[in-house]
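Have a look at query_27.txt below; it lists compact mmCIF, C-alpha atoms.
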# COMPACT_ATOMS: atom_id res chain seq x y z
CA MET A 1 -94.47 5.28 -25.82
CA ASN A 2 -91.53 2.99 -25.10
CA GLY A 3 -93.26 0.69 -22.64
CA GLY A 4 -93.32 -2.18 -25.10
CA ASN A 5 -89.57 -2.20 -25.79
CA LYS A 6 -87.67 -5.24 -24.62
CA GLU A 7 -84.00 -5.44 -23.72
CA LYS A 8 -82.02 -7.02 -26.54
CA THR A 9 -79.89 -10.12 -26.03
CA PHE A 10 -76.21 -9.74 -26.86
CA LYS A 11 -75.18 -11.95 -29.75
CA PRO A 12 -71.43 -12.12 -30.45
CA VAL A 13 -70.30 -12.71 -34.02
CA VAL A 14 -68.53 -15.93 -34.93
CA ILE A 15 -64.78 -15.44 -35.45
CA THR A 16 -63.16 -17.62 -38.08
CA ASN A 17 -59.63 -18.06 -39.42
CA GLU A 18 -60.58 -15.77 -42.30
CA ASP A 19 -60.98 -12.88 -39.84
CA LEU A 20 -57.48 -13.23 -38.41
CA LYS A 21 -54.30 -11.69 -39.77
CA LYS A 22 -52.07 -13.97 -41.78
CA ASN A 23 -48.95 -11.92 -41.18
CA TYR A 24 -48.40 -10.50 -37.72
CA SER A 25 -45.59 -9.71 -35.32
CA HIS A 26 -45.26 -9.42 -31.58
CA ASP A 27 -42.96 -6.99 -29.83
CA LEU A 28 -41.75 -9.53 -27.29
CA SER A 29 -39.12 -7.19 -25.88
CA LYS A 30 -41.80 -4.68 -24.91
CA LEU A 31 -43.98 -7.49 -23.61
CA TYR A 32 -41.11 -8.73 -21.43
CA GLU A 33 -40.54 -5.24 -20.05
CA ARG A 34 -44.22 -4.93 -19.20
CA ALA A 35 -44.29 -8.33 -17.48
CA HIS A 36 -41.17 -7.51 -15.49
CA SER A 37 -42.66 -4.14 -14.53
CA GLU A 38 -45.79 -5.86 -13.22
CA LEU A 39 -43.63 -8.33 -11.30
CA THR A 40 -41.88 -5.44 -9.56
CA LEU A 41 -45.22 -3.72 -8.96
CA GLN A 42 -46.58 -6.73 -7.06
CA GLN A 43 -43.59 -6.54 -4.72
CA THR A 44 -44.09 -2.79 -4.25
CA LYS A 45 -47.78 -3.28 -3.42
CA ARG A 46 -46.87 -5.97 -0.91
CA ASP A 47 -44.35 -3.69 0.81
CA GLN A 48 -46.95 -0.90 0.96
CA ILE A 49 -49.48 -3.20 2.63
CA ILE A 50 -46.95 -4.35 5.22
CA THR A 51 -45.78 -0.76 5.87
CA LEU A 52 -49.38 0.36 6.33
CA TYR A 53 -50.08 -2.44 8.79
CA LEU A 54 -46.92 -1.70 10.75
CA SER A 55 -48.00 1.94 10.94
CA ILE A 56 -51.43 0.95 12.26
CA PHE A 57 -49.79 -1.36 14.79
CA SER A 58 -47.23 1.17 16.01
CA LEU A 59 -49.72 4.05 16.31
CA LEU A 60 -52.99 2.49 17.39
CA ILE A 61 -51.77 0.00 19.98
CA PRO A 62 -49.82 2.49 22.20
CA PHE A 63 -52.71 4.92 21.78
CA ALA A 64 -55.23 2.33 22.97
CA PHE A 65 -53.12 1.49 26.03
CA SER A 66 -52.78 5.17 26.93
CA LEU A 67 -56.53 5.82 27.02
CA GLU A 68 -57.58 5.45 30.63
CA LEU A 69 -61.24 6.02 29.75
CA LEU A 70 -61.38 2.74 27.83
CA SER A 71 -61.96 -0.46 29.75
CA GLU A 72 -59.79 -3.50 29.13
CA PHE A 73 -62.70 -5.08 27.27
CA HIS A 74 -62.92 -2.21 24.78
CA LYS A 75 -59.16 -2.15 24.37
CA GLY A 76 -59.33 -5.85 23.61
CA LEU A 77 -61.95 -5.19 20.95
CA ILE A 78 -59.61 -2.66 19.31
CA PHE A 79 -56.79 -5.21 19.24
CA LEU A 80 -59.10 -7.86 17.78
CA ALA A 81 -60.29 -5.40 15.12
CA VAL A 82 -56.70 -4.59 14.11
CA GLY A 83 -55.96 -8.32 14.12
CA PHE A 84 -58.90 -8.92 11.79
CA ILE A 85 -57.52 -6.22 9.47
CA GLY A 86 -54.22 -8.11 9.58
CA ILE A 87 -55.96 -11.27 8.37
CA ILE A 88 -57.42 -9.35 5.43
CA PHE A 89 -54.02 -7.82 4.64
CA SER A 90 -52.45 -11.30 4.83
CA VAL A 91 -54.86 -12.58 2.18
CA ILE A 92 -54.00 -9.58 -0.03
CA VAL A 93 -50.26 -10.21 0.41
CA ILE A 94 -50.78 -13.85 -0.60
CA ARG A 95 -52.50 -12.68 -3.77
CA TYR A 96 -49.58 -10.37 -4.59
CA ARG A 97 -47.17 -13.24 -3.96
CA ILE A 98 -49.05 -15.52 -6.36
CA TYR A 99 -49.10 -12.92 -9.13
CA LYS A 100 -45.41 -12.21 -8.62
CA GLU A 101 -44.74 -15.92 -9.19
CA ILE A 102 -46.96 -15.92 -12.29
CA TYR A 103 -45.28 -12.85 -13.77
CA TRP A 104 -41.87 -14.38 -13.14
CA LEU A 105 -43.00 -17.42 -15.14
CA CYS A 106 -44.31 -15.03 -17.80
CA CYS A 107 -40.87 -13.45 -18.13
CA GLU A 108 -39.24 -16.86 -18.54
CA THR A 109 -41.87 -17.88 -21.10
CA ILE A 110 -41.49 -14.69 -23.14
CA THR A 111 -37.72 -15.25 -23.23
CA CYS A 112 -38.34 -18.69 -24.73
CA MET A 113 -40.90 -17.25 -27.18
CA MET A 114 -38.18 -15.06 -28.65
CA ASN A 115 -36.64 -18.23 -30.11
CA VAL A 116 -39.86 -19.35 -31.83
CA LYS A 117 -41.01 -18.34 -35.31
CA GLU A 118 -43.81 -15.77 -35.38
CA ASP A 119 -46.20 -18.01 -37.29
CA LYS A 120 -45.74 -20.76 -34.69
CA LEU A 121 -46.77 -18.61 -31.70
CA ASN A 122 -50.26 -20.05 -31.42
CA LYS A 123 -52.19 -21.07 -28.34
CA GLN A 124 -50.64 -24.53 -28.07
CA MET A 125 -47.08 -23.22 -28.43
CA VAL A 126 -47.47 -20.43 -25.87
CA GLN A 127 -49.10 -22.72 -23.32
CA THR A 128 -46.43 -25.38 -23.88
CA LEU A 129 -43.65 -22.86 -23.25
CA PHE A 130 -45.42 -21.64 -20.11
CA TYR A 131 -45.76 -25.23 -18.91
CA LYS A 132 -42.08 -25.90 -19.55
CA SER A 133 -41.11 -22.80 -17.54
CA LEU A 134 -43.44 -23.87 -14.75
CA LYS A 135 -42.08 -27.43 -14.80
CA LYS A 136 -38.47 -26.25 -14.82
CA LYS A 137 -38.99 -24.18 -11.69
CA GLY A 138 -41.05 -26.87 -10.01
CA LEU A 139 -38.54 -29.70 -10.52
CA ASN A 140 -37.12 -29.07 -7.06
CA TYR A 141 -40.48 -29.86 -5.49
CA CYS A 142 -42.16 -32.32 -7.82
CA LYS A 143 -40.63 -35.39 -9.43
CA ASN A 144 -42.56 -38.13 -11.24
CA GLY A 145 -45.84 -36.51 -10.23
CA LYS A 146 -44.99 -36.64 -6.53
CA TRP A 147 -45.08 -33.29 -4.78
CA SER A 148 -42.87 -32.75 -1.73
CA SER A 149 -44.39 -30.15 0.59
CA VAL A 150 -41.35 -30.48 2.86
CA LYS A 151 -38.95 -29.51 0.06
CA TYR A 152 -41.18 -26.63 -0.98
CA PHE A 153 -41.38 -25.38 2.61
CA ASN A 154 -37.62 -25.67 3.19
CA LYS A 155 -36.84 -23.96 -0.10
CA ASN A 156 -39.13 -20.98 0.50
CA ILE A 157 -39.32 -20.47 4.26
CA PHE A 158 -36.32 -18.12 4.32
CA SER A 159 -37.09 -16.27 1.09
CA SER A 160 -37.65 -12.53 1.38
CA GLU A 161 -41.28 -12.90 0.25
CA THR A 162 -42.01 -15.46 2.97
CA LEU A 163 -40.22 -13.51 5.70
CA HIS A 164 -42.18 -10.38 4.80
CA TYR A 165 -45.37 -12.39 5.08
CA ILE A 166 -44.32 -13.90 8.40
CA ILE A 167 -43.98 -10.39 9.84
CA ILE A 168 -47.60 -9.51 9.13
CA ALA A 169 -48.81 -12.98 10.17
CA LEU A 170 -46.92 -12.75 13.48
CA LEU A 171 -48.24 -9.28 14.30
CA THR A 172 -51.76 -10.39 13.44
CA SER A 173 -51.62 -13.45 15.68
CA VAL A 174 -50.12 -11.45 18.57
CA LEU A 175 -52.89 -8.84 18.33
CA ILE A 176 -55.61 -11.49 18.29
CA GLY A 177 -54.02 -13.18 21.29
CA LEU A 178 -53.70 -9.90 23.17
CA GLY A 179 -57.26 -8.91 22.30
CA GLY A 180 -58.54 -12.28 23.45
CA THR A 181 -56.75 -11.93 26.77
CA LEU A 182 -58.51 -8.63 27.49
CA VAL A 183 -61.93 -9.58 26.16
CA LEU A 184 -62.48 -13.02 27.66
CA PRO A 185 -64.35 -12.97 31.01
CA CYS A 186 -62.34 -15.81 32.57
CA GLU A 187 -59.52 -15.55 35.08
CA LEU A 188 -56.32 -13.97 33.81
CA THR A 189 -54.38 -17.24 33.77
CA VAL A 190 -57.11 -19.00 31.79
CA ASN A 191 -57.41 -16.02 29.46
CA ILE A 192 -53.69 -16.10 28.73
CA ILE A 193 -53.73 -19.83 27.99
CA ILE A 194 -56.69 -19.47 25.63
CA ALA A 195 -55.23 -16.37 23.98
CA VAL A 196 -51.83 -17.99 23.43
CA ALA A 197 -53.54 -21.05 21.92
CA ALA A 198 -55.69 -18.83 19.67
CA SER A 199 -52.64 -16.81 18.65
CA GLY A 200 -50.76 -19.98 17.73
CA ILE A 201 -53.71 -21.31 15.73
CA VAL A 202 -54.09 -18.05 13.80
CA PHE A 203 -50.36 -17.90 13.02
CA ALA A 204 -50.24 -21.54 11.91
CA GLY A 205 -53.40 -21.05 9.85
CA LEU A 206 -51.98 -18.03 8.04
CA ILE A 207 -48.72 -19.83 7.26
CA ILE A 208 -50.58 -22.90 5.98
CA LEU A 209 -52.82 -20.65 3.86
CA TYR A 210 -49.74 -18.94 2.38
CA PHE A 211 -47.94 -22.12 1.37
CA TYR A 212 -51.11 -23.80 0.14
CA HIS A 213 -51.96 -21.03 -2.33
CA CYS A 214 -48.35 -20.54 -3.43
CA LYS A 215 -47.88 -24.20 -4.30
CA GLU A 216 -51.22 -24.26 -6.16
CA VAL A 217 -49.46 -22.38 -8.96
CA TYR A 218 -47.64 -25.67 -9.66
CA ALA A 219 -50.66 -27.94 -9.09
CA VAL A 220 -50.60 -29.20 -12.69
CA LEU A 221 -47.24 -30.87 -12.02
CA LYS A 222 -48.87 -32.83 -9.24
CA ASN A 223 -52.17 -33.88 -10.83
CA GLY A 224 -51.66 -33.19 -14.54
CA LYS A 225 -55.17 -31.77 -14.86
CA ASP A 226 -56.07 -29.21 -17.49
CA CYS A 227 -58.09 -27.16 -15.00
CA ALA A 228 -55.04 -26.88 -12.73
CA PHE A 229 -52.94 -25.59 -15.61
CA ASN A 230 -55.62 -23.13 -16.74
CA LYS A 231 -55.93 -21.76 -13.21
CA SER A 232 -52.30 -20.62 -13.34
CA PHE A 233 -52.15 -19.77 -17.03
CA GLY A 234 -55.33 -17.72 -16.75
CA LYS A 235 -53.47 -15.26 -14.52
CA ALA A 236 -50.65 -14.95 -17.08
CA TRP A 237 -52.63 -12.51 -19.21
CA PHE A 238 -49.45 -11.22 -20.90
CA LEU A 239 -49.26 -14.52 -22.76
CA HIS A 240 -52.77 -14.42 -24.18
CA LEU A 241 -51.53 -13.18 -27.55
CA TYR A 242 -53.88 -15.25 -29.64
CA VAL A 243 -57.59 -15.19 -30.48
CA ASP A 244 -59.05 -18.47 -29.30
CA ILE A 245 -61.65 -19.64 -31.82
CA SER A 246 -61.78 -23.25 -30.65
CA ASP A 247 -65.09 -22.68 -28.85
CA GLU A 248 -66.74 -20.73 -31.68
CA LYS A 249 -69.90 -22.21 -33.16
Could you quickly redo this structure as structure tokens?
Amino acid sequence: MNGGNKEKTFKPVVITNEDLKKNYSHDLSKLYERAHSELTLQQTKRDQIITLYLSIFSLLIPFAFSLELLSEFHKGLIFLAVGFIGIIFSVIVIRYRIYKEIYWLCCETITCMMNVKEDKLNKQMVQTLFYKSLKKKGLNYCKNGKWSSVKYFNKNIFSSETLHYIIIALLTSVLIGLGGTLVLPCELTVNIIIAVAASGIVFAGLIILYFYHCKEVYAVLKNGKDCAFNKSFGKAWFLHLYVDISDEK
């Protein structure tokens, strides 16, 4: 009988310097190609999300208006549902945008790593090079520890990434406003006022969410905290070439 068996606790072995290779080499050219490929992939995924949402918008909305059997209330619910999907897609697009930024910094860091001796590519060196790449790109927005949200906004508002995001944010806010107009039980004029206000709030909220998360990549330049750096560096998994034994006991 196996009734008395207990589940075993996992116990990792302790890794020491004696377990690590003394002579090693990194194919940084291949690593750069992989990082650049992932950078391009994030953009492709973003475009696919936006294309999918545009397809839903262009097919479902005219279809909903053409159905005479549906009341205005139910049509409004459809628009609100599609608008809610747009909010979810917006969050996904933001995530792709962040990783694209990280992978771009990875490419810059790997280029710098090519000028460093193999035996010097330890944790401290790799993180320092990543920080220098991050700081170099963030100089336009942060000087002497002071972050300028206005400069960051002005520099990125007309970038292709931001304009693509604005498309999905605008469609989402319009759908929520339109859905609210049809669903609310008030008079038409009141409904329109409330819906327009809600639409504006949703659009502003999505734009604020986008810029907030994008600038968080550079948060370490603003506060100098280790946790802020690790939050960005943790996503740069291409640069985790080393075995970290600093926390081994």
Legend entry - Selected residue of minimal separation from Leu221 in chain A among A:Ser173, A:Ser159, A:Ser148, A:Ser37, counting all atoms listed in the file: A:Ser148
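Take CA of Ser58 in chain A and CA of Tyr99 in chain A: the distance between them is 28.9 Å.
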With a distance cut-off of 12 Å and only C-alpha atoms, select the neighbouring residues of Ser133 in chain A, excluding the residue or stretch itself and same-chain residues fewer than 2 positions from it, and output the selection as a PDB file with C-alpha atoms, in the coordinates of the input.
ATOM      1  CA  GLU A 101     -44.740 -15.920  -9.190  1.00  0.00           C
ATOM      2  CA  ILE A 102     -46.960 -15.920 -12.290  1.00  0.00           C
ATOM      3  CA  TYR A 103     -45.280 -12.850 -13.770  1.00  0.00           C
ATOM      4  CA  TRP A 104     -41.870 -14.380 -13.140  1.00  0.00           C
ATOM      5  CA  LEU A 105     -43.000 -17.420 -15.140  1.00  0.00           C
ATOM      6  CA  CYS A 106     -44.310 -15.030 -17.800  1.00  0.00           C
ATOM      7  CA  CYS A 107     -40.870 -13.450 -18.130  1.00  0.00           C
ATOM      8  CA  GLU A 108     -39.240 -16.860 -18.540  1.00  0.00           C
ATOM      9  CA  THR A 109     -41.870 -17.880 -21.100  1.00  0.00           C
ATOM     10  CA  ILE A 110     -41.490 -14.690 -23.140  1.00  0.00           C
ATOM     11  CA  THR A 111     -37.720 -15.250 -23.230  1.00  0.00           C
ATOM     12  CA  CYS A 112     -38.340 -18.690 -24.730  1.00  0.00           C
ATOM     13  CA  MET A 113     -40.900 -17.250 -27.180  1.00  0.00           C
ATOM     14  CA  VAL A 126     -47.470 -20.430 -25.870  1.00  0.00           C
ATOM     15  CA  GLN A 127     -49.100 -22.720 -23.320  1.00  0.00           C
ATOM     16  CA  THR A 128     -46.430 -25.380 -23.880  1.00  0.00           C
ATOM     17  CA  LEU A 129     -43.650 -22.860 -23.250  1.00  0.00           C
ATOM     18  CA  PHE A 130     -45.420 -21.640 -20.110  1.00  0.00           C
ATOM     19  CA  TYR A 131     -45.760 -25.230 -18.910  1.00  0.00           C
ATOM     20  CA  LYS A 135     -42.080 -27.430 -14.800  1.00  0.00           C
ATOM     21  CA  LYS A 136     -38.470 -26.250 -14.820  1.00  0.00           C
ATOM     22  CA  LYS A 137     -38.990 -24.180 -11.690  1.00  0.00           C
ATOM     23  CA  GLY A 138     -41.050 -26.870 -10.010  1.00  0.00           C
ATOM     24  CA  LEU A 139     -38.540 -29.700 -10.520  1.00  0.00           C
ATOM     25  CA  VAL A 217     -49.460 -22.380  -8.960  1.00  0.00           C
ATOM     26  CA  TYR A 218     -47.640 -25.670  -9.660  1.00  0.00           C
ATOM     27  CA  LEU A 221     -47.240 -30.870 -12.020  1.00  0.00           C
ATOM     28  CA  PHE A 233     -52.150 -19.770 -17.030  1.00  0.00           C
TER      29      PHE A 233
END
Inset, instruction - Write out as a PyMOL selection string each polymer residue whose atoms come within 10 Å of Leu80 in chain A, counting only C-alpha atoms; drop sequence neighbours fewer than 2 positions from it. - result: chain A and resi 74-78+82-86+172-180+182-183
Inset, instruction - Go through A:Ile193, A:Tyr242, A:Phe73, A:Thr162 one by one, measure the shortest atom-to-atom distance of each to Ile208 in chain A using only C-alpha atoms, and give the residue with the smallest value. - result: A:Thr162
Inset, instruction - To one decimal in Å, tell me the separation between CA of Val93 in chain A and CA of Tyr141 in chain A. - result: 22.7 Å
